[in-house]
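Chemist: Before anything else, here's the structure in question.
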Amino acid sequence: MCTSHGRSPLVSKIRDVFAIQLFCLVLAEMLLADEGGRLRELSRSRMEMQHDLLDNGMLMSWRTDHTIYVGVQDGLKKADKISELPGQPGKAVFDQYAGYVTVDETSGKALFYYFAEAVEDPSTKPLVLWLNGGPGCSSLGGAMLEIGPFFVNRDNRTLSRNKYAWNNVANMLFLESPAGVGFSYSNRTSDYNNTGDRSTAADAYIFLINWLERFPEYKGHSFFITGQSYGGHYIPQLANTILSNNKIMNTTMINLKGVAIGNAYLDDDTNTRATVDYYWTHAMISKGTHTTVQENCGFNGTYTGLCRTAIEAANNEKGLVDESNIYASFCWDASDPQQQHASV
């Protein structure tokens with residue numbers, strides 16, 4: 001795929017891809033690669049590697065001690081404007097946009113965004129960035145199943161208006177980050193192999209600088225970073241990067257006012273201990289299983305074989321229950337009759 005620097009023909013192609021694959025992307029990301037599952041995979045792999053599970057450098061910021069890349073943005077806002085999403089219920093009463101912002105011209109790395117302006121008086125409303133977690137989950141999941149202006153209906157073909165959408169009170173910017181998540185990409189393979197928290201923060205910062213050149217009317221707006229799950233890493237690091245670079249440049253490049261993180265993933269020890277406690281206090285595992293975990297796990301950054309076995313047993317005993325909504329049926333692909341559905 002190519003960046004939006006190719007002007008209207010490629011932008012039109014991008015728009016077509018976005019329209020055709022939107023529902024498939026959302027369903028695949030949220031149903032087959034949910035954030036809880038991604039976090040379990042991450043935690044399990046780090047336990048097996050005996051990794052230092054506490055990221056002591058979590059708040060180390062990427063600093064612009066050199067000139068950052070700022071691409072030509074002329075005409076790209078107009079090219080990114082969405083006339084109507086597929087299955088949209090009538091004409092939207094707000095403007096919406098989608099497209100790519102190049103963050104590294106050398107590697108051709110570009111991040112995909114979806115932007116929904118506030119329903120009323122967007123010029124007076126704050127700008128809010130939303131980041132889903134994972135790591136590796138698309139923020140289009142947040143846009144289409146959580147806080148965006150539309151929900152995907154059960155027919156997987158049409159949309160309905162979300163009356164509790166955050167763009168009722170703010171201008172909402174959804175970013176797919178890092179490269180390799182959703183539609184975001186790089187032409188350099190090593191960018192996928194070497195991605196990490198600091199490079200993700202750096203790319204998100206460069207994205208924002210360039211996006212604000214494309215949408216200069218939002219430069220002075222109050223800016224908030226919000227998200228969930230592994231956003232517990234992404235969000236404070238991006239916030240620290242913004243504040244550090246504002247200080248270095250002695251000017252407010254981005255008018256950051258605050259952050260908000262739901263169900264934040266901060267470190268493996270805290271997350272794993274709390275998850276097992278949650279299972280037990282909500283009758284999802286037995287007292288014996290919970291006790292075995294407590295007896296074999298010190299949650300101090302070192303995970304023995306007995307500890308890993310105990311945690312795996314707890315996860316298996318919990319079964320196919322959606323941790324984000326334990327009282328609802330687990331939402332799997334209805335075309336697969338072999339899958340088991342469960343709830344508490």
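Just remember, in the structure tokens the first chain shown is A, the second B, etc., residues are 1-based per chain, and ligands are 1-based in the order shown.
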Kindly assemble as CSV a list of the segment 253-336 of chain A residues that lie within 12 Å of segment 210-226 of chain A, each paired with its nearest atom pair and their distance in Å to one decimal, using only C-alpha atoms, sorted first by chain and then by ascending residue number.
Modeler:
```
residue,atom,partner,partner_atom,distance
A:Met253,CA,A:Lys219,CA,7.9
A:Ile254,CA,A:Lys219,CA,6.9
A:Asn255,CA,A:Ser222,CA,5.5
A:Leu256,CA,A:Phe223,CA,4.6
A:Lys257,CA,A:Phe223,CA,5.6
A:Gly258,CA,A:Phe224,CA,5.1
A:Val259,CA,A:Ile225,CA,4.8
A:Ala260,CA,A:Thr226,CA,4.7
A:Ile261,CA,A:Thr226,CA,5.6
A:Gly262,CA,A:Thr226,CA,8.1
A:Asn263,CA,A:Thr226,CA,11.4
A:Ala264,CA,A:Thr226,CA,10.6
```
Chemist: Output N, CA and C atoms of each residue in that selection to a file, as a PDB file, in the first residue's frame.
Modeler:
```
ATOM      1  N   MET A 253       3.781  22.849  21.263  1.00  0.00           N
ATOM      2  CA  MET A 253       3.532  22.211  19.975  1.00  0.00           C
ATOM      3  C   MET A 253       2.181  21.505  19.975  1.00  0.00           C
ATOM      4  N   ILE A 254       1.865  20.845  21.092  1.00  0.00           N
ATOM      5  CA  ILE A 254       0.588  20.154  21.271  1.00  0.00           C
ATOM      6  C   ILE A 254       0.054  20.558  22.633  1.00  0.00           C
ATOM      7  N   ASN A 255      -1.185  21.039  22.671  1.00  0.00           N
ATOM      8  CA  ASN A 255      -1.756  21.630  23.877  1.00  0.00           C
ATOM      9  C   ASN A 255      -2.366  20.555  24.781  1.00  0.00           C
ATOM     10  N   LEU A 256      -1.500  19.671  25.288  1.00  0.00           N
ATOM     11  CA  LEU A 256      -1.966  18.556  26.109  1.00  0.00           C
ATOM     12  C   LEU A 256      -2.521  19.047  27.436  1.00  0.00           C
ATOM     13  N   LYS A 257      -3.743  18.596  27.759  1.00  0.00           N
ATOM     14  CA  LYS A 257      -4.395  18.990  29.004  1.00  0.00           C
ATOM     15  C   LYS A 257      -4.597  17.831  29.969  1.00  0.00           C
ATOM     16  N   GLY A 258      -4.619  16.599  29.451  1.00  0.00           N
ATOM     17  CA  GLY A 258      -4.832  15.479  30.359  1.00  0.00           C
ATOM     18  C   GLY A 258      -4.903  14.153  29.637  1.00  0.00           C
ATOM     19  N   VAL A 259      -4.958  13.083  30.436  1.00  0.00           N
ATOM     20  CA  VAL A 259      -5.069  11.728  29.901  1.00  0.00           C
ATOM     21  C   VAL A 259      -6.152  10.983  30.673  1.00  0.00           C
ATOM     22  N   ALA A 260      -6.682   9.939  30.060  1.00  0.00           N
ATOM     23  CA  ALA A 260      -7.657   9.066  30.720  1.00  0.00           C
ATOM     24  C   ALA A 260      -7.447   7.651  30.199  1.00  0.00           C
ATOM     25  N   ILE A 261      -7.285   6.698  31.122  1.00  0.00           N
ATOM     26  CA  ILE A 261      -7.023   5.311  30.738  1.00  0.00           C
ATOM     27  C   ILE A 261      -7.998   4.401  31.472  1.00  0.00           C
ATOM     28  N   GLY A 262      -8.739   3.593  30.730  1.00  0.00           N
ATOM     29  CA  GLY A 262      -9.648   2.625  31.324  1.00  0.00           C
ATOM     30  C   GLY A 262      -9.020   1.246  31.357  1.00  0.00           C
ATOM     31  N   ASN A 263      -9.161   0.551  32.502  1.00  0.00           N
ATOM     32  CA  ASN A 263      -8.635  -0.812  32.633  1.00  0.00           C
ATOM     33  C   ASN A 263      -7.177  -0.864  32.188  1.00  0.00           C
ATOM     34  N   ALA A 264      -6.386   0.026  32.730  1.00  0.00           N
ATOM     35  CA  ALA A 264      -5.011   0.218  32.253  1.00  0.00           C
ATOM     36  C   ALA A 264      -4.114  -0.968  32.567  1.00  0.00           C
TER      37      ALA A 264
END
```
Chemist: Using DSSP secondary structure from the backbone, list all strand (DSSP E) positions within segment 93-190 of chain A, as a tab-separated table (two decimals) with N, CA and C atoms, in the first residue's frame.
Modeler:
```
chain	number	residue	atom	x	y	z
A	96	GLN	N	-16.57	13.82	8.91
A	96	GLN	CA	-15.68	12.72	9.28
A	96	GLN	C	-14.63	12.51	8.18
A	97	TYR	N	-13.47	12.05	8.61
A	97	TYR	CA	-12.32	11.92	7.72
A	97	TYR	C	-11.58	10.61	8.02
A	98	ALA	N	-10.85	10.13	7.03
A	98	ALA	CA	-9.99	8.95	7.23
A	98	ALA	C	-8.87	9.00	6.21
A	99	GLY	N	-7.70	8.53	6.61
A	99	GLY	CA	-6.58	8.53	5.68
A	99	GLY	C	-5.28	8.17	6.36
A	100	TYR	N	-4.20	8.39	5.65
A	100	TYR	CA	-2.86	8.08	6.14
A	100	TYR	C	-2.06	9.34	6.42
A	101	VAL	N	-1.23	9.26	7.43
A	101	VAL	CA	-0.24	10.29	7.72
A	101	VAL	C	1.13	9.62	7.75
A	102	THR	N	2.02	10.05	6.88
A	102	THR	CA	3.37	9.49	6.84
A	102	THR	C	4.18	9.99	8.04
A	103	VAL	N	4.83	9.06	8.75
A	103	VAL	CA	5.64	9.43	9.91
A	103	VAL	C	7.13	9.18	9.67
A	104	ASP	N	7.46	8.47	8.60
A	104	ASP	CA	8.86	8.23	8.23
A	104	ASP	C	8.91	8.12	6.72
A	109	LYS	N	6.75	4.64	6.21
A	109	LYS	CA	5.87	4.26	7.32
A	109	LYS	C	4.72	5.26	7.44
A	110	ALA	N	3.49	4.75	7.46
A	110	ALA	CA	2.32	5.62	7.50
A	110	ALA	C	1.28	5.04	8.46
A	111	LEU	N	0.68	5.90	9.26
A	111	LEU	CA	-0.33	5.49	10.22
A	111	LEU	C	-1.72	5.93	9.75
A	112	PHE	N	-2.69	5.03	9.94
A	112	PHE	CA	-4.06	5.27	9.50
A	112	PHE	C	-4.88	5.88	10.64
A	113	TYR	N	-5.75	6.81	10.29
A	113	TYR	CA	-6.61	7.44	11.30
A	113	TYR	C	-8.05	7.54	10.81
A	114	TYR	N	-8.95	7.64	11.77
A	114	TYR	CA	-10.36	7.97	11.51
A	114	TYR	C	-10.71	9.11	12.44
A	115	PHE	N	-11.31	10.16	11.90
A	115	PHE	CA	-11.59	11.36	12.68
A	115	PHE	C	-13.05	11.75	12.53
A	116	ALA	N	-13.73	11.90	13.65
A	116	ALA	CA	-15.13	12.33	13.67
A	116	ALA	C	-15.22	13.64	14.45
A	127	LEU	N	-9.97	18.36	21.37
A	127	LEU	CA	-9.54	17.28	20.48
A	127	LEU	C	-9.11	16.11	21.36
A	128	VAL	N	-9.68	14.94	21.11
A	128	VAL	CA	-9.42	13.76	21.93
A	128	VAL	C	-8.88	12.63	21.06
A	129	LEU	N	-7.71	12.12	21.42
A	129	LEU	CA	-7.12	10.97	20.74
A	129	LEU	C	-7.50	9.71	21.49
A	130	TRP	N	-7.95	8.68	20.75
A	130	TRP	CA	-8.28	7.38	21.35
A	130	TRP	C	-7.31	6.32	20.84
A	131	LEU	N	-6.77	5.53	21.78
A	131	LEU	CA	-5.85	4.44	21.44
A	131	LEU	C	-6.34	3.15	22.08
A	150	PHE	N	-20.81	5.66	15.42
A	150	PHE	CA	-21.66	4.60	14.89
A	150	PHE	C	-21.30	3.26	15.52
A	151	PHE	N	-22.31	2.38	15.60
A	151	PHE	CA	-22.11	0.99	15.96
A	151	PHE	C	-22.35	0.11	14.74
A	152	VAL	N	-21.65	-1.02	14.67
A	152	VAL	CA	-21.92	-2.01	13.63
A	152	VAL	C	-23.10	-2.86	14.09
A	159	LEU	N	-24.87	0.29	9.85
A	159	LEU	CA	-24.49	1.01	11.05
A	159	LEU	C	-25.71	1.61	11.72
A	160	SER	N	-25.59	1.86	13.00
A	160	SER	CA	-26.61	2.62	13.73
A	160	SER	C	-25.90	3.68	14.55
A	161	ARG	N	-26.59	4.77	14.82
A	161	ARG	CA	-26.00	5.89	15.55
A	161	ARG	C	-25.81	5.52	17.02
A	171	ASN	N	-14.10	16.38	19.64
A	171	ASN	CA	-13.63	15.97	18.31
A	171	ASN	C	-12.77	14.72	18.51
A	172	MET	N	-13.19	13.59	17.92
A	172	MET	CA	-12.59	12.30	18.23
A	172	MET	C	-11.66	11.82	17.12
A	173	LEU	N	-10.42	11.55	17.50
A	173	LEU	CA	-9.39	11.08	16.58
A	173	LEU	C	-8.96	9.68	17.00
A	174	PHE	N	-9.18	8.70	16.11
A	174	PHE	CA	-8.83	7.30	16.38
A	174	PHE	C	-7.60	6.94	15.55
A	175	LEU	N	-6.54	6.48	16.21
A	175	LEU	CA	-5.28	6.20	15.54
A	175	LEU	C	-4.93	4.72	15.63
```
Chemist: Hey, what's within 12 Å of Ala179 of chain A if we count only C-alpha atoms and toss same-chain stuff fewer than 3 positions away? As a PyMOL selection string, please?
Modeler: chain A and resi 100-104+107-113+135-138+175-176+182-196+199-204+207
Chemist: Only N, CA and C atoms, please: the residues just picked out, written as a CSV table (one decimal), in the first residue's frame.
Modeler:
```
chain,number,residue,atom,x,y,z
A,100,TYR,N,-4.2,8.4,5.7
A,100,TYR,CA,-2.9,8.1,6.1
A,100,TYR,C,-2.1,9.3,6.4
A,101,VAL,N,-1.2,9.3,7.4
A,101,VAL,CA,-0.2,10.3,7.7
A,101,VAL,C,1.1,9.6,7.8
A,102,THR,N,2.0,10.0,6.9
A,102,THR,CA,3.4,9.5,6.8
A,102,THR,C,4.2,10.0,8.0
A,103,VAL,N,4.8,9.1,8.7
A,103,VAL,CA,5.6,9.4,9.9
A,103,VAL,C,7.1,9.2,9.7
A,104,ASP,N,7.5,8.5,8.6
A,104,ASP,CA,8.9,8.2,8.2
A,104,ASP,C,8.9,8.1,6.7
A,107,SER,N,11.3,5.2,5.2
A,107,SER,CA,10.8,3.8,5.2
A,107,SER,C,9.4,3.7,4.6
A,108,GLY,N,8.8,4.8,4.4
A,108,GLY,CA,7.4,4.8,3.9
A,108,GLY,C,6.4,4.3,5.0
A,109,LYS,N,6.7,4.6,6.2
A,109,LYS,CA,5.9,4.3,7.3
A,109,LYS,C,4.7,5.3,7.4
A,110,ALA,N,3.5,4.8,7.5
A,110,ALA,CA,2.3,5.6,7.5
A,110,ALA,C,1.3,5.0,8.5
A,111,LEU,N,0.7,5.9,9.3
A,111,LEU,CA,-0.3,5.5,10.2
A,111,LEU,C,-1.7,5.9,9.7
A,112,PHE,N,-2.7,5.0,9.9
A,112,PHE,CA,-4.1,5.3,9.5
A,112,PHE,C,-4.9,5.9,10.6
A,113,TYR,N,-5.8,6.8,10.3
A,113,TYR,CA,-6.6,7.4,11.3
A,113,TYR,C,-8.0,7.5,10.8
A,135,PRO,N,-1.1,-5.3,23.2
A,135,PRO,CA,-0.8,-4.5,22.0
A,135,PRO,C,-1.1,-5.2,20.7
A,136,GLY,N,-1.5,-4.4,19.8
A,136,GLY,CA,-1.8,-4.9,18.4
A,136,GLY,C,-3.3,-4.8,18.1
A,137,CYS,N,-4.1,-4.2,18.9
A,137,CYS,CA,-5.6,-4.1,18.6
A,137,CYS,C,-5.9,-2.8,17.9
A,138,SER,N,-6.7,-2.8,16.9
A,138,SER,CA,-7.1,-1.7,16.1
A,138,SER,C,-8.0,-0.7,16.9
A,175,LEU,N,-6.5,6.5,16.2
A,175,LEU,CA,-5.3,6.2,15.5
A,175,LEU,C,-4.9,4.7,15.6
A,176,GLU,N,-4.6,4.1,14.5
A,176,GLU,CA,-4.1,2.7,14.5
A,176,GLU,C,-2.6,2.8,14.6
A,182,GLY,N,-4.0,-2.8,12.1
A,182,GLY,CA,-5.0,-2.3,11.2
A,182,GLY,C,-4.5,-2.0,9.9
A,183,PHE,N,-4.8,-0.8,9.4
A,183,PHE,CA,-4.3,-0.4,8.1
A,183,PHE,C,-2.9,0.3,8.1
A,184,SER,N,-2.4,0.6,9.3
A,184,SER,CA,-1.1,1.2,9.4
A,184,SER,C,0.0,0.3,8.9
A,185,TYR,N,1.0,0.8,8.2
A,185,TYR,CA,2.0,-0.1,7.6
A,185,TYR,C,3.4,0.7,7.5
A,186,SER,N,4.4,-0.1,7.1
A,186,SER,CA,5.7,0.4,6.7
A,186,SER,C,6.2,-0.4,5.6
A,187,ASN,N,7.0,0.2,4.7
A,187,ASN,CA,7.6,-0.5,3.6
A,187,ASN,C,8.9,-1.2,4.0
A,188,ARG,N,9.3,-1.0,5.2
A,188,ARG,CA,10.6,-1.6,5.7
A,188,ARG,C,10.2,-2.7,6.8
A,189,THR,N,10.6,-3.9,6.4
A,189,THR,CA,10.2,-5.0,7.3
A,189,THR,C,10.7,-4.9,8.7
A,190,SER,N,11.9,-4.3,8.9
A,190,SER,CA,12.5,-4.2,10.2
A,190,SER,C,11.6,-3.4,11.1
A,191,ASP,N,10.8,-2.5,10.6
A,191,ASP,CA,9.9,-1.7,11.4
A,191,ASP,C,8.9,-2.5,12.2
A,192,TYR,N,8.5,-3.7,11.6
A,192,TYR,CA,7.6,-4.6,12.3
A,192,TYR,C,8.3,-5.4,13.3
A,193,ASN,N,9.6,-5.8,13.0
A,193,ASN,CA,10.3,-6.7,13.9
A,193,ASN,C,10.9,-5.9,15.1
A,194,ASN,N,11.1,-4.6,15.0
A,194,ASN,CA,11.8,-3.8,16.0
A,194,ASN,C,10.9,-2.8,16.7
A,195,THR,N,9.6,-3.0,16.6
A,195,THR,CA,8.6,-2.1,17.2
A,195,THR,C,8.7,-2.2,18.7
A,196,GLY,N,8.4,-1.2,19.4
A,196,GLY,CA,8.4,-1.2,20.9
A,196,GLY,C,7.7,0.1,21.4
A,199,SER,N,9.3,3.5,20.3
A,199,SER,CA,9.2,3.8,18.9
A,199,SER,C,7.7,4.1,18.6
A,200,THR,N,6.8,3.4,19.3
A,200,THR,CA,5.4,3.7,19.1
A,200,THR,C,5.0,5.1,19.6
A,201,ALA,N,5.6,5.6,20.7
A,201,ALA,CA,5.4,6.9,21.2
A,201,ALA,C,5.9,7.9,20.2
A,202,ALA,N,7.1,7.7,19.6
A,202,ALA,CA,7.8,8.6,18.7
A,202,ALA,C,6.9,8.7,17.4
A,203,ASP,N,6.4,7.6,16.9
A,203,ASP,CA,5.6,7.6,15.7
A,203,ASP,C,4.3,8.3,15.9
A,204,ALA,N,3.7,8.1,17.1
A,204,ALA,CA,2.4,8.8,17.4
A,204,ALA,C,2.6,10.3,17.5
A,207,PHE,N,3.1,11.6,14.1
A,207,PHE,CA,1.7,11.6,13.5
A,207,PHE,C,0.9,12.9,13.9
```
Chemist: Kindly give the distance, in Å, that separates atom CA of Asn271 of chain A and atom CA of Glu312 of chain A, rounded to a single decimal.
Modeler: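 Going from atom CA of Asn271 of chain A over to atom CA of Glu312 of chain A, I get 14.5 Å.
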Chemist: Could you tell me which of A:Ala283, A:Gly71, A:Pro86, A:Gly141 comes closest to Val321 of chain A if we count only C-alpha atoms?
Modeler: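 Result for the nearest residue to Val321 of chain A: A:Ala283.
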Chemist: Applying 12 Å and only C-alpha atoms, which residues near Asp95 of chain A remain after dropping the ones on its own chain fewer than 2 positions away? List them as number ranges by chain.
Modeler: A: 77-78, 80-85, 91-93, 97-98, 114-122, 149, 167, 171-172
Chemist: Which value, in Å to one decimal, gives the distance between atom CA of His290 of chain A and atom CA of Ser229 of chain A?
Modeler: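 Here the two named atoms are 23.3 Å from each other.
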Chemist: Which residue, A:Ala143, A:Gln88, A:Ser123, A:Pro178, has the smallest gap to Arg157 of chain A when you use only C-alpha atoms?
Modeler: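 Looking only at the distances to Arg157 of chain A, the closest residue turns out to be A:Gln88.
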Chemist: Do you have the atom CA of Ala170 of chain A-atom CA of Ile248 of chain A distance handy?
Modeler: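 Calculated distance between atom CA of Ala170 of chain A and atom CA of Ile248 of chain A is 28.8 Å.
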Chemist: Skipping near chain neighbours, those fewer than 2 positions away, what residues fall within 6 Å of Asn296 of chain A using only C-alpha atoms, listed as a ChimeraX atom specification?
Modeler: /A:293-294,307
Chemist: Those residues with N, CA and C atoms, as a PDB file, in the first residue's frame please?
Modeler:
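And here's selection_27.pdb as it stands now:
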```
ATOM      1  N   VAL A 293      -2.240 -20.556  42.928  1.00  0.00           N
ATOM      2  CA  VAL A 293      -1.543 -19.423  42.305  1.00  0.00           C
ATOM      3  C   VAL A 293      -0.840 -18.593  43.369  1.00  0.00           C
ATOM      4  N   GLN A 294      -1.546 -18.296  44.460  1.00  0.00           N
ATOM      5  CA  GLN A 294      -0.963 -17.465  45.508  1.00  0.00           C
ATOM      6  C   GLN A 294       0.261 -18.128  46.144  1.00  0.00           C
ATOM      7  N   CYS A 307       4.576 -21.680  38.977  1.00  0.00           N
ATOM      8  CA  CYS A 307       3.723 -20.489  38.911  1.00  0.00           C
ATOM      9  C   CYS A 307       3.026 -20.405  37.560  1.00  0.00           C
TER      10      CYS A 307
END
```
Chemist: DSSP on the backbone, then: every residue of segment 268-312 of chain A marked helix (DSSP H, G or I), written as a PyMOL selection string.
Modeler: chain A and resi 268-281+287-296+305-312
Chemist: Excluding Asn315 of chain A and its own-chain neighbours fewer than 6 positions away, which residues fall within 9 Å of it when counting only C-alpha atoms? Please give them as a PyMOL selection string.
Modeler: chain A and resi 276+279+285
